[in-house]
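K.L.:
So that you have it, the file is structure-v8.csv, and it contains CSV, C-alpha atoms:
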chain,number,residue,atom,x,y,z
F,19,MET,CA,144.4,109.5,99.5
F,20,THR,CA,145.1,112.5,101.7
F,21,VAL,CA,147.6,115.3,101.1
F,22,HIS,CA,150.0,114.0,103.7
F,23,GLU,CA,149.9,110.5,102.1
F,24,ASP,CA,150.6,112.0,98.7
F,25,ALA,CA,153.6,113.7,100.2
F,26,ALA,CA,154.7,110.4,101.7
F,27,GLN,CA,154.5,108.9,98.2
F,28,THR,CA,156.9,111.6,97.0
F,29,MET,CA,159.3,110.7,99.8
F,30,LEU,CA,159.1,107.1,98.8
F,31,GLY,CA,159.9,107.9,95.2
F,32,GLU,CA,162.9,110.0,96.2
F,33,LEU,CA,164.2,107.1,98.4
F,34,GLN,CA,163.7,104.6,95.6
F,35,ALA,CA,165.6,106.8,93.2
F,36,ASP,CA,168.8,106.7,95.4
F,37,SER,CA,170.8,103.6,96.2
F,38,GLU,CA,171.4,104.7,99.8
F,39,GLY,CA,167.7,105.5,100.1
F,40,VAL,CA,166.8,102.0,98.9
F,41,ALA,CA,169.2,100.4,101.4
F,42,MET,CA,167.8,102.6,104.3
F,43,LEU,CA,164.2,101.8,103.4
F,44,ALA,CA,165.0,98.0,103.1
F,45,GLY,CA,166.8,98.1,106.5
F,46,LEU,CA,163.9,99.8,108.3
F,47,SER,CA,161.3,97.6,106.6
F,48,SER,CA,163.3,94.6,107.8
F,49,SER,CA,163.5,95.9,111.4
F,50,LEU,CA,159.7,96.5,111.4
F,51,ARG,CA,159.0,93.0,110.1
F,52,GLU,CA,161.3,91.4,112.7
F,53,GLY,CA,160.0,93.5,115.5
F,54,ALA,CA,163.6,94.7,116.2
F,55,TYR,CA,162.8,98.3,117.0
F,56,ASN,CA,162.0,100.7,119.9
F,57,ARG,CA,158.2,100.7,120.0
F,58,GLN,CA,158.0,104.0,121.9
F,59,LEU,CA,160.2,105.7,119.3
F,60,ILE,CA,158.1,104.5,116.4
F,61,ALA,CA,154.9,105.5,118.2
F,62,TRP,CA,156.2,109.1,118.5
F,63,VAL,CA,156.2,109.2,114.7
F,64,GLY,CA,153.2,107.0,113.9
F,65,GLN,CA,150.8,104.6,115.6
F,66,THR,CA,147.9,102.7,114.0
F,67,GLN,CA,145.7,99.7,114.8
F,68,ARG,CA,147.9,97.8,112.3
F,69,ASP,CA,151.3,96.7,113.4
F,70,PRO,CA,154.1,98.7,111.8
F,71,ALA,CA,155.3,95.5,110.0
F,72,TYR,CA,152.2,95.9,107.8
F,73,TRP,CA,152.4,99.6,107.0
F,74,PRO,CA,152.5,100.4,103.3
F,75,GLU,CA,155.8,101.5,101.7
F,76,HIS,CA,155.0,105.2,101.6
F,77,GLN,CA,154.3,105.2,105.4
F,78,VAL,CA,157.6,103.5,106.0
F,79,ALA,CA,159.2,106.2,103.9
F,80,ALA,CA,157.6,108.9,106.0
F,81,LEU,CA,158.8,107.1,109.2
F,82,SER,CA,162.3,106.9,107.7
F,83,HIS,CA,162.2,110.6,106.9
F,84,VAL,CA,161.5,111.5,110.6
F,85,LEU,CA,163.8,109.0,112.1
F,86,ASP,CA,166.7,110.1,109.9
F,87,GLY,CA,166.0,113.7,110.9
F,88,LEU,CA,166.2,112.7,114.6
F,89,ALA,CA,169.4,110.7,114.1
F,90,TYR,CA,171.2,113.5,112.2
F,91,GLY,CA,170.0,116.6,114.0
F,92,ARG,CA,167.5,118.0,111.5
F,93,ILE,CA,164.7,117.3,114.0
F,94,VAL,CA,165.0,118.1,117.7
F,95,ARG,CA,162.9,116.6,120.5
F,96,ARG,CA,161.8,116.7,124.1
F,97,ARG,CA,159.8,114.4,126.3
F,98,ILE,CA,157.2,116.1,128.6
F,99,PRO,CA,155.6,114.0,131.4
F,100,VAL,CA,151.8,113.8,131.5
F,101,GLY,CA,151.4,111.3,134.2
F,102,ALA,CA,148.8,109.3,132.4
F,103,VAL,CA,148.3,107.4,129.1
F,104,PRO,CA,145.6,108.6,126.7
F,105,GLY,CA,142.2,107.0,126.8
F,106,PRO,CA,140.1,106.2,123.7
F,107,ASP,CA,139.8,108.9,121.1
F,108,ALA,CA,136.1,109.2,121.9
F,109,ASP,CA,136.9,110.0,125.6
F,110,ARG,CA,137.8,113.6,124.8
F,111,GLN,CA,136.7,114.9,128.2
F,112,GLY,CA,138.8,112.3,130.0
F,113,ASN,CA,141.8,113.0,127.8
F,114,ALA,CA,141.4,116.7,128.3
F,115,ALA,CA,141.5,116.1,132.1
F,116,ARG,CA,144.6,113.9,131.8
F,117,LEU,CA,146.4,116.6,129.8
F,118,ARG,CA,145.9,119.0,132.7
F,119,GLY,CA,148.7,117.0,134.4
F,120,VAL,CA,151.2,118.7,132.1
F,121,GLU,CA,153.3,121.1,134.2
F,122,ALA,CA,154.2,124.7,133.4
F,123,PRO,CA,155.5,126.2,131.1
F,124,PHE,CA,153.7,123.7,128.9
F,125,ARG,CA,150.0,123.7,128.2
F,126,ALA,CA,148.0,121.1,126.2
F,127,GLN,CA,144.6,122.1,124.8
F,128,LEU,CA,142.4,119.3,123.3
F,129,ASP,CA,139.9,120.2,120.6
F,130,MET,CA,136.7,118.9,122.1
F,131,SER,CA,134.9,118.5,118.8
F,132,GLN,CA,137.7,118.1,116.2
F,133,ASN,CA,135.2,118.0,113.3
F,134,GLY,CA,137.8,116.9,110.7
F,135,ALA,CA,140.5,119.2,112.0
F,136,ASP,CA,144.1,118.6,110.9
F,137,CYS,CA,145.1,117.8,114.5
F,138,ASP,CA,143.6,116.9,117.9
F,139,GLY,CA,144.5,120.1,119.6
F,140,THR,CA,147.4,122.4,120.4
F,141,PHE,CA,150.5,122.2,122.6
F,142,SER,CA,152.2,125.4,123.7
F,143,TRP,CA,154.8,126.9,126.1
F,144,ASP,CA,155.1,130.5,127.4
F,145,LYS,CA,158.8,130.8,128.0
F,146,SER,CA,162.0,129.5,126.3
F,147,ILE,CA,162.6,125.8,126.7
F,148,ASN,CA,165.4,123.3,125.8
F,149,LEU,CA,165.0,120.5,123.4
F,150,TRP,CA,167.7,117.9,122.4
F,151,ARG,CA,169.5,117.8,119.0
F,152,SER,CA,171.5,114.9,117.8
F,153,LEU,CA,175.2,115.6,117.1
F,154,GLY,CA,175.3,112.8,114.5
F,155,VAL,CA,177.8,110.9,116.6
F,156,ARG,CA,176.9,107.3,116.8
F,157,VAL,CA,177.6,105.4,120.1
F,158,VAL,CA,176.8,101.9,121.4
F,159,HIS,CA,174.6,101.8,124.5
F,160,GLU,CA,175.5,99.6,127.4
F,161,HIS,CA,172.8,97.1,126.3
F,162,GLY,CA,174.2,96.9,122.8
F,163,LEU,CA,171.7,99.2,121.1
F,164,TYR,CA,172.9,102.0,118.8
F,165,GLY,CA,172.3,105.6,119.9
F,166,SER,CA,173.7,109.0,119.4
F,167,LEU,CA,175.0,112.0,121.4
F,168,HIS,CA,172.6,115.0,121.8
F,169,ALA,CA,173.1,118.6,122.8
F,170,PRO,CA,170.5,121.1,124.1
F,171,PHE,CA,168.8,123.4,121.7
F,172,GLU,CA,166.7,126.4,122.9
F,173,VAL,CA,163.3,127.3,121.5
F,174,ARG,CA,161.3,130.4,122.4
F,175,PRO,CA,157.5,130.3,123.2
F,176,TRP,CA,155.4,128.7,120.5
F,177,ARG,CA,152.1,126.9,119.8
F,178,VAL,CA,152.2,123.6,117.8
F,179,PRO,CA,149.8,120.9,116.7
F,180,LEU,CA,148.9,118.1,119.2
F,181,GLU,CA,148.3,114.5,117.9
F,182,VAL,CA,146.8,112.0,120.4
F,183,GLY,CA,146.7,108.2,120.0
F,184,TYR,CA,146.6,106.8,116.5
F,185,THR,CA,148.2,108.8,113.7
F,186,LEU,CA,150.0,108.0,110.5
F,187,PRO,CA,153.7,108.6,110.1
F,188,SER,CA,152.8,110.7,107.0
F,189,ARG,CA,150.7,113.1,109.1
F,190,THR,CA,153.6,113.6,111.6
F,191,ALA,CA,156.0,114.2,108.7
F,192,ALA,CA,153.5,116.7,107.2
F,193,HIS,CA,153.2,118.6,110.5
F,194,LEU,CA,157.0,118.9,110.6
F,195,MET,CA,157.3,120.1,107.0
F,196,LEU,CA,154.3,122.5,107.0
F,197,GLU,CA,154.1,123.8,110.6
F,198,GLY,CA,157.6,123.0,111.8
F,199,ALA,CA,156.6,120.9,114.8
F,200,VAL,CA,154.2,118.4,116.4
F,201,ALA,CA,153.5,117.2,119.9
F,202,ARG,CA,152.8,113.4,120.0
F,203,TRP,CA,150.9,111.7,122.9
F,204,ALA,CA,150.8,108.1,121.9
F,205,TYR,CA,148.7,105.3,123.3
F,206,GLU,CA,150.4,103.5,126.2
F,207,ASP,CA,152.8,106.5,126.7
F,208,GLU,CA,152.7,108.7,129.8
F,209,GLU,CA,154.8,111.4,128.1
F,210,ILE,CA,154.3,113.8,125.2
F,211,CYS,CA,157.1,113.8,122.7
F,212,LEU,CA,157.6,117.2,121.2
F,213,LEU,CA,159.3,117.1,117.7
F,214,LEU,CA,160.5,120.3,115.9
F,215,ASP,CA,162.1,120.6,112.5
F,216,VAL,CA,165.2,122.8,112.7
F,217,ALA,CA,165.0,123.9,109.1
F,218,ARG,CA,161.5,125.3,109.8
F,219,LEU,CA,162.1,126.8,113.2
F,220,GLY,CA,163.9,129.9,111.9
F,221,LYS,CA,160.8,130.7,109.8
F,222,THR,CA,158.2,130.0,112.5
F,223,ALA,CA,159.8,130.5,116.0
F,224,GLY,CA,163.0,132.0,117.4
F,225,THR,CA,165.7,129.4,118.4
F,226,ARG,CA,169.4,129.1,119.2
F,227,PRO,CA,171.6,126.2,120.0
F,228,LEU,CA,173.2,126.0,123.5
F,229,PRO,CA,176.9,125.1,123.9
F,230,ALA,CA,176.8,123.2,127.2
F,231,GLY,CA,175.6,119.7,128.0
F,232,ILE,CA,175.4,116.5,126.1
F,233,GLU,CA,172.9,113.7,126.5
F,234,GLN,CA,172.9,110.1,125.2
F,235,PHE,CA,169.6,109.0,123.7
F,236,THR,CA,169.1,105.4,122.6
F,237,LEU,CA,167.3,105.1,119.2
F,238,GLY,CA,167.1,101.3,119.4
F,239,LEU,CA,167.2,100.8,115.7
Represent the supplied structure as structure tokens.

P.N.:
Amino acid sequence: MTVHEDAAQTMLGELQADSEGVAMLAGLSSSLREGAYNRQLIAWVGQTQRDPAYWPEHQVAALSHVLDGLAYGRIVRRRIPVGAVPGPDADRQGNAARLRGVEAPFRAQLDMSQNGADCDGTFSWDKSINLWRSLGVRVVHEHGLYGSLHAPFEVRPWRVPLEVGYTLPSRTAAHLMLEGAVARWAYEDEEICLLLDVARLGKTAGTRPLPAGIEQFTLGL
């Protein structure tokens, strides 16, 4: 078992030791089994050859950790168009070419050999950008899905890990805890989703919240 999977086991133990955590874990597991979830949202956090309904409990705990952070503003996010979906992992030349479609100020650099590296490459930006942070205010979307209101959050230039295609929820959670951020380009997705942990940002990159503007974002869970 990897270090990030060990960390997910710890998350699972913490959830199981708390009644609210048990209920949250049970609700998410039920949604995954029934297919009642936003597939793109789940893929931002984790995507494997196995359907999420069959993920082990510790991976569902890692997924819950990230989704809870998104819902309550501990994790901020931004979607960046690529204009193409990723090809197979072995097609690193093709994926590198596709990633050149990312527009300034963003830059995606794929590791062409990887060789057991902790990520598939790096994702960076050279000027301040806005991400979106949940205000923790729950709303009902016009289609009946639950969502929340979001406000902009500014982040200064930074370089973060890039994960392409399949990855475990525990690896995404580990990037957020250890490096403060991760950029996810999931299979069947023409956008990169940039996730940043607010608690880590002050230690790794300068940030500040912005007062103007509110966005509604549907979680679909």

K.L.:
One decimal, in Å: what's the spacing between CA of Pro175 in chain F and CA of Asp144 in chain F?

P.N.:
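Computing it gives 4.8 Å between the two atoms.
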
K.L.:
Pick out the closest residue to Met29 in chain F from this set: F:Ile210, F:Val100, F:Leu81, F:Ala135. Count all atoms listed in the file.

P.N.:
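Under the stated criterion, the closest residue is F:Leu81.
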
K.L.:
Between CA of Leu214 in chain F and CA of Tyr90 in chain F, what is the distance, to one decimal in Å?

P.N.:
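Between these atoms lies a distance of 13.2 Å.
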
K.L.:
Please compute the CA of His76 in chain F-CA of Val182 in chain F distance, one decimal, in Å.

P.N.:
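About the pair CA of His76 in chain F and CA of Val182 in chain F: they are 21.6 Å apart.
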
K.L.:
Calculated over all atoms listed in the file, which of the candidates F:Tyr184, F:Leu43, F:Thr20, F:His168 has the smallest distance to Pro106 in chain F?

P.N.:
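With all atoms listed in the file as the atom set, the closest residue is F:Tyr184.
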
K.L.:
For Met195 in chain F, which of F:Met19, F:Trp150, F:Val94, F:Ala25 is the closest residue, counting all atoms listed in the file?

P.N.:
F:Ala25

K.L.:
Which residues, written as a PyMOL selection string, have at least one atom at most 9 Å from Pro70 in chain F, with all atoms listed in the file counted and residues fewer than 5 positions away on the same chain left out?

P.N.:
chain F and resi 47+50-51+53+60+64-65+78
